[in-house]
Amino acid sequence: MGKLNFRCFCFIITLLLSFTFIYFLLWFQSNSSPCFSKTQLIIQKQNQPINLLYFPSAWNHLNFPQTPPQKLLKIAVFVKKWPHKSLAGGLERHALTLHLSLAKRGHELHIFTTSPPNSSFPIYPFSSLYFHLSKPTAAGYLDQAIAWKLFQKQNLTGKPFDVVHTESVGLWHGRSRNLTNLAVSWHGIAYETIHTDIIQEILRNPEEKSSYALTERVNKVIEEVNFFPSYAHHVATSDHAGDILKRIYMIPEERVHVILNGVDEAIFKPDTIKGREFLQKFGVRKSLVLGMAGRLVKDKGHPLMFEALKQILTENETFRENVVVLVAGDGPWGARYRDLGANLLVLGPLDQSQLARFYNAIDIFVNPTLRAQGLDHTLLEAMLCGKPVMATRVASITGSVIVGEELGYVFSPTVDSLKNVLYRVFENGRGVLEQKGLIARQKGLELFTATKMTAAYERLFLCMSNDVNKREDFCHY
C-alpha cells in the first residue's frame, strides 16, 4: 500500500512538472516572435536588410551614418512662412531646424516662402542656401502661382531638383500631382483634430453655441482623403498620424514614412548653472517650479490650466506656499495668469537660448494642449534638457513621447483630472521628478534630436532620388 501511494505521488509530481514545462514553453513562444516589443523588432530587423519604404516604425529608431553624405542633393522646399526670431509655430520651427541642418551638410536648398511684412529677412552662413521670396496673399498664405513660377524657373537653371519637399500644404496638391520626387510633411491632419473638436465641445460653456465643428471636420477629412494621394510621399511627424494615413486615408504603406520631430540638441541640453541663474533673475525661491511655454491661447489648453491652478491655489495652502509656475509665451491668457497672483510668473516670448535656460530652471514641463494633432516641439525641448513632461492624453503624445510613467504624466482634458495629476506631481516631489528627467533626457537623445531627424529625412530624400543608371540604392538599410 505504501509503495502504491509512493508511485501515485511520483506520477502526480511528474504530471505537474510536465504541465508546468508545457505552460512555460507555450508562454515563451507566445511572448517571443512575432510579438516583439518595438525595440526587439528593430534590433531583429537591423540584422538583415530593411526596405526603408516599408519600414513600419519611426525612422528615428534607425542609426544612419553622420559622415558626409555620399550624394549631394538639390532640394526645393515650400513653406508658407519662414520663422522670424521667437515668433514661430511648430511647422515653421521644424522647417528652420531641418533645412538649416541639411544645408549645413552640404545639400543645395532652395526655400520658396513669403517675404516678411515689416522686417528684414534673416541671413544665414550657408552658401548652399537660397531663398525665393514672394509677397503673401491677403490671407497671409504663400502665393501659389508666383511660387510655382519661381520654382519652374529654378528647376530649369542648371541641375533639376532631385527632391521637392513641402511643409504641409505649402505646395498645392493640384501642382504636386505630377511630381514623383515630392514628399509632404504633415504636422496635423483633419482626422486627428476630431478629438480636439470633441474636447472643445465637452468644455464648451452652456452659454456658448455649438460651433458644428464636428460636422465640418468630417467633410474636411473626406476632402483630405481625396486629395492626399496627389502627393507622392508622405512624412508623418508622429506614430499616430502615420497609422491614420495608412489606415484611414488609405495611402499605400510604401508612400507613408514616420519621422518624428527633432530639436537642436546643441541648444537644448542640461545646464544646472544657467537654470539657477534664470531663477535668481526672476527671484524664484519656491521648492517646486512648474513650467509652460508656447502660445497662450484657448486651443493650447490654457483655460483648462487656469481653472485647475485657480482651484488648487485657493484650496491648498501648502501648494500655494511651495509651488511657482513659470509661463513662457504670449497670448490672451497671459493676463489672466497674472491675476492668479505671485505663484504665476508670465515671462513673455523667449528666443531659443532663453528658452533653454527656462527649461533648465523648472522641475517639470506642463503642456495642457487641447489640440490632438502634431508633435509639439516644447515637449521634446524639455526632455532634451533633462526634464520630465506632463501633457494631455492625446494619441500623438502618448504614442510617440510620453510612452510610460517613467517619462512623466498624462491627464484627461478635464479640470478634475488635471488637478489630480498636479497634486500627484507635488506629492512626488523634486527627487522623483529628477529621476524621471534623466530617463526623459535619454529618450530624447534616442529619438528627438535634430541630428536624428535630419539624418532620417536625408536618407528618405536620397532614397527618392535613386539613380538606377548609377546603380544607387539608398532605399535599403
# chains A, B, ... in the order shown; residues from 1 in each chain; ligands from 1
call {"tool": "residues_around", "arguments": {"residues": "Ala356 of chain A", "least_positions_apart": "2", "cutoff": "12 Å", "atoms": "only C-alpha atoms", "output": "short mmCIF file (atom, residue, chain, number, x, y, z; two decimals) with all heavy atoms, in the first residue's frame"}}
result
data_model
loop_
_atom_site.label_atom_id
_atom_site.label_comp_id
_atom_site.auth_asym_id
_atom_site.auth_seq_id
_atom_site.Cartn_x
_atom_site.Cartn_y
_atom_site.Cartn_z
N VAL A 263 14.63 68.43 -32.24
CA VAL A 263 15.04 69.79 -31.88
C VAL A 263 16.55 69.82 -31.68
O VAL A 263 17.19 68.79 -31.48
CB VAL A 263 14.31 70.30 -30.62
CG1 VAL A 263 12.81 70.40 -30.88
CG2 VAL A 263 14.56 69.38 -29.42
N ASP A 264 17.12 71.00 -31.72
CA ASP A 264 18.57 71.19 -31.71
C ASP A 264 19.16 70.80 -30.35
O ASP A 264 19.01 71.50 -29.36
CB ASP A 264 18.90 72.65 -32.03
CG ASP A 264 20.38 72.85 -32.34
OD1 ASP A 264 21.20 72.02 -31.92
OD2 ASP A 264 20.70 73.85 -33.01
N GLU A 265 19.83 69.66 -30.32
CA GLU A 265 20.41 69.16 -29.07
C GLU A 265 21.60 69.98 -28.60
O GLU A 265 22.03 69.86 -27.44
CB GLU A 265 20.80 67.69 -29.21
CG GLU A 265 21.93 67.39 -30.17
CD GLU A 265 21.46 67.12 -31.59
OE1 GLU A 265 20.44 67.70 -32.01
OE2 GLU A 265 22.14 66.33 -32.30
N ALA A 266 22.16 70.81 -29.48
CA ALA A 266 23.26 71.68 -29.07
C ALA A 266 22.75 72.86 -28.24
O ALA A 266 23.49 73.44 -27.44
CB ALA A 266 24.02 72.19 -30.29
N ILE A 267 21.48 73.21 -28.43
CA ILE A 267 20.87 74.31 -27.67
C ILE A 267 20.13 73.77 -26.45
O ILE A 267 20.28 74.28 -25.33
CB ILE A 267 19.90 75.11 -28.56
CG1 ILE A 267 20.67 75.80 -29.69
CG2 ILE A 267 19.12 76.14 -27.74
CD1 ILE A 267 19.78 76.51 -30.70
N PHE A 268 19.34 72.72 -26.66
CA PHE A 268 18.51 72.18 -25.58
C PHE A 268 19.23 71.01 -24.92
O PHE A 268 19.21 69.88 -25.41
CB PHE A 268 17.15 71.77 -26.13
CG PHE A 268 16.39 72.94 -26.72
CD1 PHE A 268 16.32 73.12 -28.09
CD2 PHE A 268 15.80 73.88 -25.90
CE1 PHE A 268 15.65 74.20 -28.64
CE2 PHE A 268 15.12 74.98 -26.43
CZ PHE A 268 15.05 75.14 -27.80
N LYS A 269 19.89 71.31 -23.81
CA LYS A 269 20.67 70.33 -23.07
C LYS A 269 20.72 70.74 -21.60
O LYS A 269 20.47 71.91 -21.27
CB LYS A 269 22.09 70.24 -23.65
CG LYS A 269 22.83 71.58 -23.63
CD LYS A 269 24.17 71.49 -24.35
CE LYS A 269 24.85 72.86 -24.37
NZ LYS A 269 26.15 72.80 -25.11
N PRO A 270 21.02 69.82 -20.71
CA PRO A 270 21.05 70.15 -19.28
C PRO A 270 22.13 71.19 -18.97
O PRO A 270 23.25 71.11 -19.47
CB PRO A 270 21.38 68.80 -18.62
CG PRO A 270 20.96 67.77 -19.61
CD PRO A 270 21.23 68.38 -20.96
N ASP A 271 21.79 72.17 -18.14
CA ASP A 271 22.73 73.19 -17.69
C ASP A 271 22.21 73.74 -16.36
O ASP A 271 21.45 74.71 -16.33
CB ASP A 271 22.87 74.31 -18.72
CG ASP A 271 24.08 75.20 -18.45
OD1 ASP A 271 24.38 75.44 -17.25
OD2 ASP A 271 24.73 75.66 -19.41
N THR A 272 22.64 73.12 -15.28
CA THR A 272 22.14 73.47 -13.94
C THR A 272 22.47 74.91 -13.58
O THR A 272 21.64 75.62 -12.99
CB THR A 272 22.75 72.52 -12.89
OG1 THR A 272 22.48 71.17 -13.28
CG2 THR A 272 22.15 72.77 -11.52
N ILE A 273 23.65 75.36 -13.93
CA ILE A 273 24.08 76.71 -13.56
C ILE A 273 23.19 77.76 -14.22
O ILE A 273 22.71 78.70 -13.56
CB ILE A 273 25.56 76.94 -13.94
CG1 ILE A 273 26.46 76.01 -13.11
CG2 ILE A 273 25.96 78.40 -13.72
CD1 ILE A 273 27.92 76.08 -13.49
N LYS A 274 22.95 77.62 -15.54
CA LYS A 274 22.10 78.58 -16.23
C LYS A 274 20.67 78.53 -15.72
O LYS A 274 19.98 79.56 -15.67
CB LYS A 274 22.15 78.33 -17.74
CG LYS A 274 23.48 78.74 -18.37
CD LYS A 274 23.47 78.57 -19.87
CE LYS A 274 24.81 79.02 -20.47
NZ LYS A 274 24.85 78.81 -21.95
N GLY A 275 20.23 77.34 -15.34
CA GLY A 275 18.89 77.22 -14.79
C GLY A 275 18.77 77.95 -13.46
O GLY A 275 17.79 78.65 -13.20
N PHE A 278 18.71 81.64 -14.03
CA PHE A 278 17.41 82.06 -14.55
C PHE A 278 16.43 82.29 -13.40
O PHE A 278 15.69 83.28 -13.38
CB PHE A 278 16.88 81.00 -15.51
CG PHE A 278 15.70 81.43 -16.32
CD1 PHE A 278 15.86 82.04 -17.55
CD2 PHE A 278 14.40 81.20 -15.86
CE1 PHE A 278 14.77 82.44 -18.31
CE2 PHE A 278 13.30 81.60 -16.62
CZ PHE A 278 13.49 82.22 -17.84
N GLY A 291 6.63 74.58 -15.34
CA GLY A 291 6.84 75.46 -16.49
C GLY A 291 5.88 75.17 -17.62
O GLY A 291 5.52 74.00 -17.85
N ALA A 293 5.11 76.68 -21.86
CA ALA A 293 5.65 77.53 -22.92
C ALA A 293 4.82 77.38 -24.18
O ALA A 293 4.25 76.31 -24.44
CB ALA A 293 7.11 77.16 -23.21
N ALA A 328 6.25 80.83 -20.24
CA ALA A 328 6.98 81.48 -21.34
C ALA A 328 6.08 81.51 -22.57
O ALA A 328 5.65 80.46 -23.05
CB ALA A 328 8.26 80.71 -21.64
N LEU A 350 10.17 83.91 -25.50
CA LEU A 350 11.62 83.77 -25.31
C LEU A 350 12.25 83.20 -26.58
O LEU A 350 11.64 82.36 -27.25
CB LEU A 350 11.92 82.83 -24.14
CG LEU A 350 11.30 83.16 -22.78
CD1 LEU A 350 11.64 82.07 -21.76
CD2 LEU A 350 11.77 84.52 -22.27
N ASP A 351 13.47 83.66 -26.89
CA ASP A 351 14.18 83.05 -28.01
C ASP A 351 14.74 81.70 -27.57
O ASP A 351 14.62 81.31 -26.40
CB ASP A 351 15.27 83.98 -28.55
CG ASP A 351 16.35 84.29 -27.53
OD1 ASP A 351 16.59 83.45 -26.62
OD2 ASP A 351 16.97 85.37 -27.62
N GLN A 352 15.36 80.99 -28.49
CA GLN A 352 15.77 79.61 -28.19
C GLN A 352 16.76 79.51 -27.03
O GLN A 352 16.64 78.62 -26.18
CB GLN A 352 16.36 78.95 -29.44
CG GLN A 352 15.31 78.52 -30.45
CD GLN A 352 15.84 77.50 -31.42
OE1 GLN A 352 17.01 77.53 -31.82
NE2 GLN A 352 15.00 76.58 -31.84
N SER A 353 17.74 80.40 -26.97
CA SER A 353 18.73 80.33 -25.90
C SER A 353 18.09 80.61 -24.54
O SER A 353 18.39 79.96 -23.54
CB SER A 353 19.88 81.31 -26.16
OG SER A 353 19.40 82.64 -26.22
N GLN A 354 17.17 81.59 -24.51
CA GLN A 354 16.46 81.88 -23.27
C GLN A 354 15.52 80.74 -22.89
O GLN A 354 15.37 80.40 -21.71
CB GLN A 354 15.65 83.18 -23.42
CG GLN A 354 16.49 84.44 -23.54
CD GLN A 354 15.62 85.65 -23.81
OE1 GLN A 354 14.71 85.63 -24.63
NE2 GLN A 354 15.89 86.74 -23.11
N PHE A 358 15.16 78.54 -19.50
CA PHE A 358 13.86 78.35 -18.86
C PHE A 358 13.62 76.88 -18.52
O PHE A 358 13.23 76.54 -17.39
CB PHE A 358 12.77 78.88 -19.81
CG PHE A 358 11.39 78.35 -19.56
CD1 PHE A 358 10.59 78.94 -18.59
CD2 PHE A 358 10.89 77.29 -20.30
CE1 PHE A 358 9.30 78.46 -18.37
CE2 PHE A 358 9.61 76.81 -20.07
CZ PHE A 358 8.81 77.39 -19.10
N TYR A 359 13.87 75.98 -19.49
CA TYR A 359 13.67 74.55 -19.23
C TYR A 359 14.57 74.07 -18.10
O TYR A 359 14.17 73.25 -17.27
CB TYR A 359 13.95 73.73 -20.49
CG TYR A 359 12.93 73.90 -21.59
CD1 TYR A 359 13.31 74.30 -22.88
CD2 TYR A 359 11.58 73.67 -21.37
CE1 TYR A 359 12.39 74.45 -23.90
CE2 TYR A 359 10.65 73.82 -22.39
CZ TYR A 359 11.06 74.22 -23.65
OH TYR A 359 10.14 74.37 -24.66
N ASN A 360 15.80 74.56 -18.07
CA ASN A 360 16.73 74.14 -17.03
C ASN A 360 16.37 74.68 -15.66
O ASN A 360 16.84 74.17 -14.64
CB ASN A 360 18.16 74.56 -17.41
CG ASN A 360 18.82 73.58 -18.35
OD1 ASN A 360 19.22 72.49 -17.94
ND2 ASN A 360 18.93 73.94 -19.62
N ALA A 361 15.53 75.70 -15.63
CA ALA A 361 15.14 76.30 -14.35
C ALA A 361 13.97 75.57 -13.70
O ALA A 361 13.77 75.67 -12.49
CB ALA A 361 14.78 77.77 -14.56
N ILE A 362 13.17 74.85 -14.49
CA ILE A 362 11.95 74.24 -13.96
C ILE A 362 12.21 72.80 -13.51
O ILE A 362 13.24 72.20 -13.84
CB ILE A 362 10.82 74.27 -15.02
CG1 ILE A 362 11.20 73.42 -16.23
CG2 ILE A 362 10.53 75.71 -15.42
CD1 ILE A 362 10.12 73.35 -17.31
N THR A 378 7.82 71.77 -27.83
CA THR A 378 8.16 72.13 -26.45
C THR A 378 8.40 70.90 -25.57
O THR A 378 9.30 70.91 -24.72
CB THR A 378 7.06 73.01 -25.82
OG1 THR A 378 5.81 72.32 -25.88
CG2 THR A 378 6.94 74.34 -26.55
N LEU A 380 9.61 68.06 -26.54
CA LEU A 380 10.90 67.49 -26.93
C LEU A 380 12.05 68.33 -26.39
O LEU A 380 13.08 67.79 -25.93
CB LEU A 380 10.99 67.37 -28.45
CG LEU A 380 9.73 66.83 -29.17
CD1 LEU A 380 9.99 66.73 -30.66
CD2 LEU A 380 9.31 65.50 -28.59
N GLU A 381 11.90 69.65 -26.43
CA GLU A 381 12.93 70.55 -25.91
C GLU A 381 13.14 70.34 -24.42
O GLU A 381 14.28 70.28 -23.93
CB GLU A 381 12.54 72.00 -26.20
CG GLU A 381 12.56 72.35 -27.69
CD GLU A 381 11.82 73.64 -28.01
OE1 GLU A 381 11.19 74.21 -27.10
OE2 GLU A 381 11.89 74.08 -29.18
N ALA A 382 12.04 70.21 -23.69
CA ALA A 382 12.13 70.00 -22.24
C ALA A 382 12.81 68.67 -21.92
O ALA A 382 13.66 68.60 -21.02
CB ALA A 382 10.74 70.05 -21.62
N MET A 383 12.47 67.62 -22.67
CA MET A 383 13.06 66.31 -22.43
C MET A 383 14.57 66.33 -22.67
O MET A 383 15.34 65.75 -21.91
CB MET A 383 12.39 65.26 -23.30
CG MET A 383 10.95 64.96 -22.89
SD MET A 383 10.09 63.84 -24.03
CE MET A 383 10.95 62.29 -23.72
N LEU A 384 15.00 67.00 -23.74
CA LEU A 384 16.44 67.07 -24.02
C LEU A 384 17.18 67.88 -22.95
O LEU A 384 18.37 67.69 -22.76
CB LEU A 384 16.67 67.69 -25.40
CG LEU A 384 16.48 66.72 -26.58
CD1 LEU A 384 16.58 67.45 -27.90
CD2 LEU A 384 17.50 65.59 -26.53
N CYS A 385 16.46 68.76 -22.26
CA CYS A 385 17.07 69.49 -21.14
C CYS A 385 17.02 68.69 -19.85
O CYS A 385 17.41 69.19 -18.79
CB CYS A 385 16.37 70.83 -20.95
SG CYS A 385 16.71 72.03 -22.26
N GLY A 386 16.56 67.45 -19.94
CA GLY A 386 16.56 66.57 -18.78
C GLY A 386 15.38 66.77 -17.84
O GLY A 386 15.50 66.53 -16.64
N LYS A 387 14.24 67.19 -18.38
CA LYS A 387 13.07 67.44 -17.55
C LYS A 387 11.94 66.46 -17.88
O LYS A 387 11.70 66.15 -19.05
CB LYS A 387 12.55 68.87 -17.76
CG LYS A 387 13.60 69.94 -17.46
CD LYS A 387 14.08 69.88 -16.01
CE LYS A 387 15.22 70.86 -15.76
NZ LYS A 387 15.67 70.83 -14.35
#
call {"tool": "select_by_dssp", "arguments": {"residues": "segment 159-315 of chain A", "states": "strand (DSSP E)", "output": "list in words"}}
result
Val163, Val164, His165, Thr166, Glu167, Leu182, Ala183, Val184, Ser185, Trp186, His233, His234, Val235, Ala236, Val256, His257, Val258, Leu288, Val289, Leu290, Gly291, Met292 and Ala293 of chain A
call {"tool": "write_last_selection", "arguments": {"atoms": "N, CA and C atoms", "output": "PDB file, in the first residue's frame"}}
result
ATOM      1  N   VAL A 163      14.806  66.516 -55.324  1.00  0.00           N
ATOM      2  CA  VAL A 163      13.694  66.272 -54.398  1.00  0.00           C
ATOM      3  C   VAL A 163      12.934  67.577 -54.186  1.00  0.00           C
ATOM      4  N   VAL A 164      11.624  67.460 -54.034  1.00  0.00           N
ATOM      5  CA  VAL A 164      10.777  68.596 -53.660  1.00  0.00           C
ATOM      6  C   VAL A 164      10.136  68.253 -52.318  1.00  0.00           C
ATOM      7  N   HIS A 165      10.249  69.162 -51.357  1.00  0.00           N
ATOM      8  CA  HIS A 165       9.671  68.940 -50.027  1.00  0.00           C
ATOM      9  C   HIS A 165       8.728  70.086 -49.691  1.00  0.00           C
ATOM     10  N   THR A 166       7.505  69.753 -49.334  1.00  0.00           N
ATOM     11  CA  THR A 166       6.559  70.776 -48.913  1.00  0.00           C
ATOM     12  C   THR A 166       6.157  70.549 -47.465  1.00  0.00           C
ATOM     13  N   GLU A 167       6.245  71.607 -46.670  1.00  0.00           N
ATOM     14  CA  GLU A 167       5.790  71.551 -45.285  1.00  0.00           C
ATOM     15  C   GLU A 167       4.281  71.730 -45.304  1.00  0.00           C
ATOM     16  N   LEU A 182       8.416  64.094 -54.882  1.00  0.00           N
ATOM     17  CA  LEU A 182       7.937  65.034 -53.864  1.00  0.00           C
ATOM     18  C   LEU A 182       7.561  64.312 -52.573  1.00  0.00           C
ATOM     19  N   ALA A 183       7.893  64.952 -51.438  1.00  0.00           N
ATOM     20  CA  ALA A 183       7.476  64.468 -50.113  1.00  0.00           C
ATOM     21  C   ALA A 183       6.803  65.608 -49.366  1.00  0.00           C
ATOM     22  N   VAL A 184       5.704  65.298 -48.696  1.00  0.00           N
ATOM     23  CA  VAL A 184       4.996  66.290 -47.893  1.00  0.00           C
ATOM     24  C   VAL A 184       5.070  65.870 -46.427  1.00  0.00           C
ATOM     25  N   SER A 185       5.369  66.817 -45.549  1.00  0.00           N
ATOM     26  CA  SER A 185       5.384  66.552 -44.108  1.00  0.00           C
ATOM     27  C   SER A 185       4.089  67.063 -43.500  1.00  0.00           C
ATOM     28  N   TRP A 186       3.390  66.179 -42.792  1.00  0.00           N
ATOM     29  CA  TRP A 186       2.121  66.572 -42.176  1.00  0.00           C
ATOM     30  C   TRP A 186       2.332  66.854 -40.694  1.00  0.00           C
ATOM     31  N   HIS A 233       4.980  61.113 -51.722  1.00  0.00           N
ATOM     32  CA  HIS A 233       5.414  60.536 -50.439  1.00  0.00           C
ATOM     33  C   HIS A 233       4.913  61.404 -49.301  1.00  0.00           C
ATOM     34  N   HIS A 234       4.563  60.735 -48.194  1.00  0.00           N
ATOM     35  CA  HIS A 234       4.018  61.424 -47.027  1.00  0.00           C
ATOM     36  C   HIS A 234       4.904  61.147 -45.808  1.00  0.00           C
ATOM     37  N   VAL A 235       5.276  62.207 -45.108  1.00  0.00           N
ATOM     38  CA  VAL A 235       6.024  62.055 -43.867  1.00  0.00           C
ATOM     39  C   VAL A 235       5.098  62.419 -42.715  1.00  0.00           C
ATOM     40  N   ALA A 236       4.822  61.460 -41.851  1.00  0.00           N
ATOM     41  CA  ALA A 236       4.031  61.707 -40.648  1.00  0.00           C
ATOM     42  C   ALA A 236       4.987  62.053 -39.513  1.00  0.00           C
ATOM     43  N   VAL A 256       4.136  56.125 -47.100  1.00  0.00           N
ATOM     44  CA  VAL A 256       3.982  56.788 -45.794  1.00  0.00           C
ATOM     45  C   VAL A 256       5.187  56.463 -44.922  1.00  0.00           C
ATOM     46  N   HIS A 257       5.848  57.485 -44.415  1.00  0.00           N
ATOM     47  CA  HIS A 257       7.061  57.306 -43.624  1.00  0.00           C
ATOM     48  C   HIS A 257       6.961  58.142 -42.348  1.00  0.00           C
ATOM     49  N   VAL A 258       7.228  57.529 -41.220  1.00  0.00           N
ATOM     50  CA  VAL A 258       7.148  58.236 -39.939  1.00  0.00           C
ATOM     51  C   VAL A 258       8.537  58.756 -39.569  1.00  0.00           C
ATOM     52  N   LEU A 288       9.295  73.979  -5.626  1.00  0.00           N
ATOM     53  CA  LEU A 288       8.932  73.234  -6.833  1.00  0.00           C
ATOM     54  C   LEU A 288       8.515  74.229  -7.912  1.00  0.00           C
ATOM     55  N   VAL A 289       9.106  74.069  -9.114  1.00  0.00           N
ATOM     56  CA  VAL A 289       8.848  75.004 -10.208  1.00  0.00           C
ATOM     57  C   VAL A 289       8.242  74.259 -11.398  1.00  0.00           C
ATOM     58  N   LEU A 290       7.026  74.653 -11.773  1.00  0.00           N
ATOM     59  CA  LEU A 290       6.386  74.108 -12.964  1.00  0.00           C
ATOM     60  C   LEU A 290       6.597  75.087 -14.112  1.00  0.00           C
ATOM     61  N   GLY A 291       6.626  74.581 -15.335  1.00  0.00           N
ATOM     62  CA  GLY A 291       6.836  75.459 -16.488  1.00  0.00           C
ATOM     63  C   GLY A 291       5.883  75.169 -17.620  1.00  0.00           C
ATOM     64  N   MET A 292       5.454  76.218 -18.309  1.00  0.00           N
ATOM     65  CA  MET A 292       4.658  76.089 -19.531  1.00  0.00           C
ATOM     66  C   MET A 292       5.240  77.030 -20.574  1.00  0.00           C
ATOM     67  N   ALA A 293       5.108  76.678 -21.863  1.00  0.00           N
ATOM     68  CA  ALA A 293       5.647  77.529 -22.921  1.00  0.00           C
ATOM     69  C   ALA A 293       4.819  77.378 -24.179  1.00  0.00           C
TER      70      ALA A 293
END
call {"tool": "closest_residue", "arguments": {"among": "A:Val327, A:Met250, A:Ile222, A:Leu109", "to": "Tyr130 of chain A", "atoms": "only C-alpha atoms"}}
result
A:Leu109
call {"tool": "residues_around", "arguments": {"residues": "Asn367 of chain A", "least_positions_apart": "4", "cutoff": "7 Å", "atoms": "only C-alpha atoms", "output": "PyMOL selection string"}}
result
chain A and resi 292+390-392
call {"tool": "write_last_selection", "arguments": {"atoms": "N, CA and C atoms", "output": "PDB file, in the first residue's frame"}}
result
ATOM      1  N   MET A 292       5.454  76.218 -18.309  1.00  0.00           N
ATOM      2  CA  MET A 292       4.658  76.089 -19.531  1.00  0.00           C
ATOM      3  C   MET A 292       5.240  77.030 -20.574  1.00  0.00           C
ATOM      4  N   MET A 390       4.628  66.614 -18.668  1.00  0.00           N
ATOM      5  CA  MET A 390       3.244  66.337 -18.279  1.00  0.00           C
ATOM      6  C   MET A 390       2.356  66.910 -19.366  1.00  0.00           C
ATOM      7  N   ALA A 391       1.452  66.100 -19.916  1.00  0.00           N
ATOM      8  CA  ALA A 391       0.665  66.575 -21.057  1.00  0.00           C
ATOM      9  C   ALA A 391      -0.686  65.889 -21.127  1.00  0.00           C
ATOM     10  N   THR A 392      -1.545  66.448 -21.961  1.00  0.00           N
ATOM     11  CA  THR A 392      -2.872  65.903 -22.187  1.00  0.00           C
ATOM     12  C   THR A 392      -2.775  64.531 -22.844  1.00  0.00           C
TER      13      THR A 392
END
call {"tool": "closest_residue", "arguments": {"among": "A:Leu52, A:Ile259, A:Val221, A:Leu203", "to": "Ile244 of chain A", "atoms": "only C-alpha atoms"}}
result
A:Val221
call {"tool": "atom_distance", "arguments": {"atom1": "atom CA of Ser115 of chain A", "atom2": "atom CA of Asn155 of chain A"}}
result
20.7 Å
call {"tool": "closest_residue", "arguments": {"among": "A:Val366, A:Val284, A:Ala76, A:Leu326", "to": "Pro349 of chain A", "atoms": "only C-alpha atoms"}}
result
A:Leu326
call {"tool": "closest_residue", "arguments": {"among": "A:Gln442, A:Thr369, A:Ser101, A:Gln280", "to": "Thr414 of chain A", "atoms": "only C-alpha atoms"}}
result
A:Thr369
call {"tool": "decode", "arguments": {"residues": "segment 187-204 of chain A", "atoms": "N, CA and C atoms", "output": "JSON list (two decimals), in the first residue's frame"}}
result
[["chain", "number", "residue", "atom", "x", "y", "z"],
["A", 187, "HIS", "N", 2.01, 68.07, -40.27],
["A", 187, "HIS", "CA", 2.14, 68.47, -38.87],
["A", 187, "HIS", "C", 0.77, 68.51, -38.19],
["A", 188, "GLY", "N", -0.19, 67.92, -38.80],
["A", 188, "GLY", "CA", -1.54, 67.87, -38.28],
["A", 188, "GLY", "C", -2.49, 67.60, -39.42],
["A", 189, "ILE", "N", -3.40, 66.65, -39.23],
["A", 189, "ILE", "CA", -4.37, 66.31, -40.26],
["A", 189, "ILE", "C", -5.77, 66.35, -39.66],
["A", 190, "ALA", "N", -6.77, 66.50, -40.51],
["A", 190, "ALA", "CA", -8.13, 66.75, -40.04],
["A", 190, "ALA", "C", -8.67, 65.62, -39.16],
["A", 191, "TYR", "N", -8.34, 64.36, -39.49],
["A", 191, "TYR", "CA", -8.88, 63.25, -38.71],
["A", 191, "TYR", "C", -8.42, 63.33, -37.26],
["A", 192, "GLU", "N", -7.17, 63.72, -37.02],
["A", 192, "GLU", "CA", -6.68, 63.88, -35.66],
["A", 192, "GLU", "C", -7.48, 64.94, -34.90],
["A", 193, "THR", "N", -7.86, 65.99, -35.61],
["A", 193, "THR", "CA", -8.48, 67.14, -34.98],
["A", 193, "THR", "C", -9.89, 66.85, -34.50],
["A", 194, "ILE", "N", -10.49, 65.74, -34.93],
["A", 194, "ILE", "CA", -11.82, 65.37, -34.44],
["A", 194, "ILE", "C", -11.78, 65.21, -32.92],
["A", 195, "HIS", "N", -10.70, 64.64, -32.40],
["A", 195, "HIS", "CA", -10.55, 64.53, -30.95],
["A", 195, "HIS", "C", -10.55, 65.92, -30.31],
["A", 196, "THR", "N", -9.86, 66.85, -30.94],
["A", 196, "THR", "CA", -9.83, 68.23, -30.45],
["A", 196, "THR", "C", -11.24, 68.82, -30.40],
["A", 197, "ASP", "N", -12.01, 68.60, -31.47],
["A", 197, "ASP", "CA", -13.36, 69.13, -31.54],
["A", 197, "ASP", "C", -14.26, 68.55, -30.44],
["A", 198, "ILE", "N", -14.08, 67.26, -30.17],
["A", 198, "ILE", "CA", -14.86, 66.61, -29.11],
["A", 198, "ILE", "C", -14.53, 67.25, -27.76],
["A", 199, "ILE", "N", -13.23, 67.46, -27.50],
["A", 199, "ILE", "CA", -12.80, 68.09, -26.25],
["A", 199, "ILE", "C", -13.39, 69.48, -26.12],
["A", 200, "GLN", "N", -13.30, 70.26, -27.20],
["A", 200, "GLN", "CA", -13.80, 71.63, -27.17],
["A", 200, "GLN", "C", -15.31, 71.66, -26.90],
["A", 201, "GLU", "N", -16.03, 70.71, -27.47],
["A", 201, "GLU", "CA", -17.48, 70.66, -27.27],
["A", 201, "GLU", "C", -17.81, 70.30, -25.82],
["A", 202, "ILE", "N", -17.05, 69.37, -25.25],
["A", 202, "ILE", "CA", -17.28, 68.98, -23.86],
["A", 202, "ILE", "C", -17.00, 70.14, -22.90],
["A", 203, "LEU", "N", -15.94, 70.92, -23.21],
["A", 203, "LEU", "CA", -15.55, 72.02, -22.33],
["A", 203, "LEU", "C", -16.33, 73.31, -22.61],
["A", 204, "ARG", "N", -17.17, 73.30, -23.64],
["A", 204, "ARG", "CA", -17.91, 74.50, -24.01],
["A", 204, "ARG", "C", -18.86, 74.93, -22.90]]
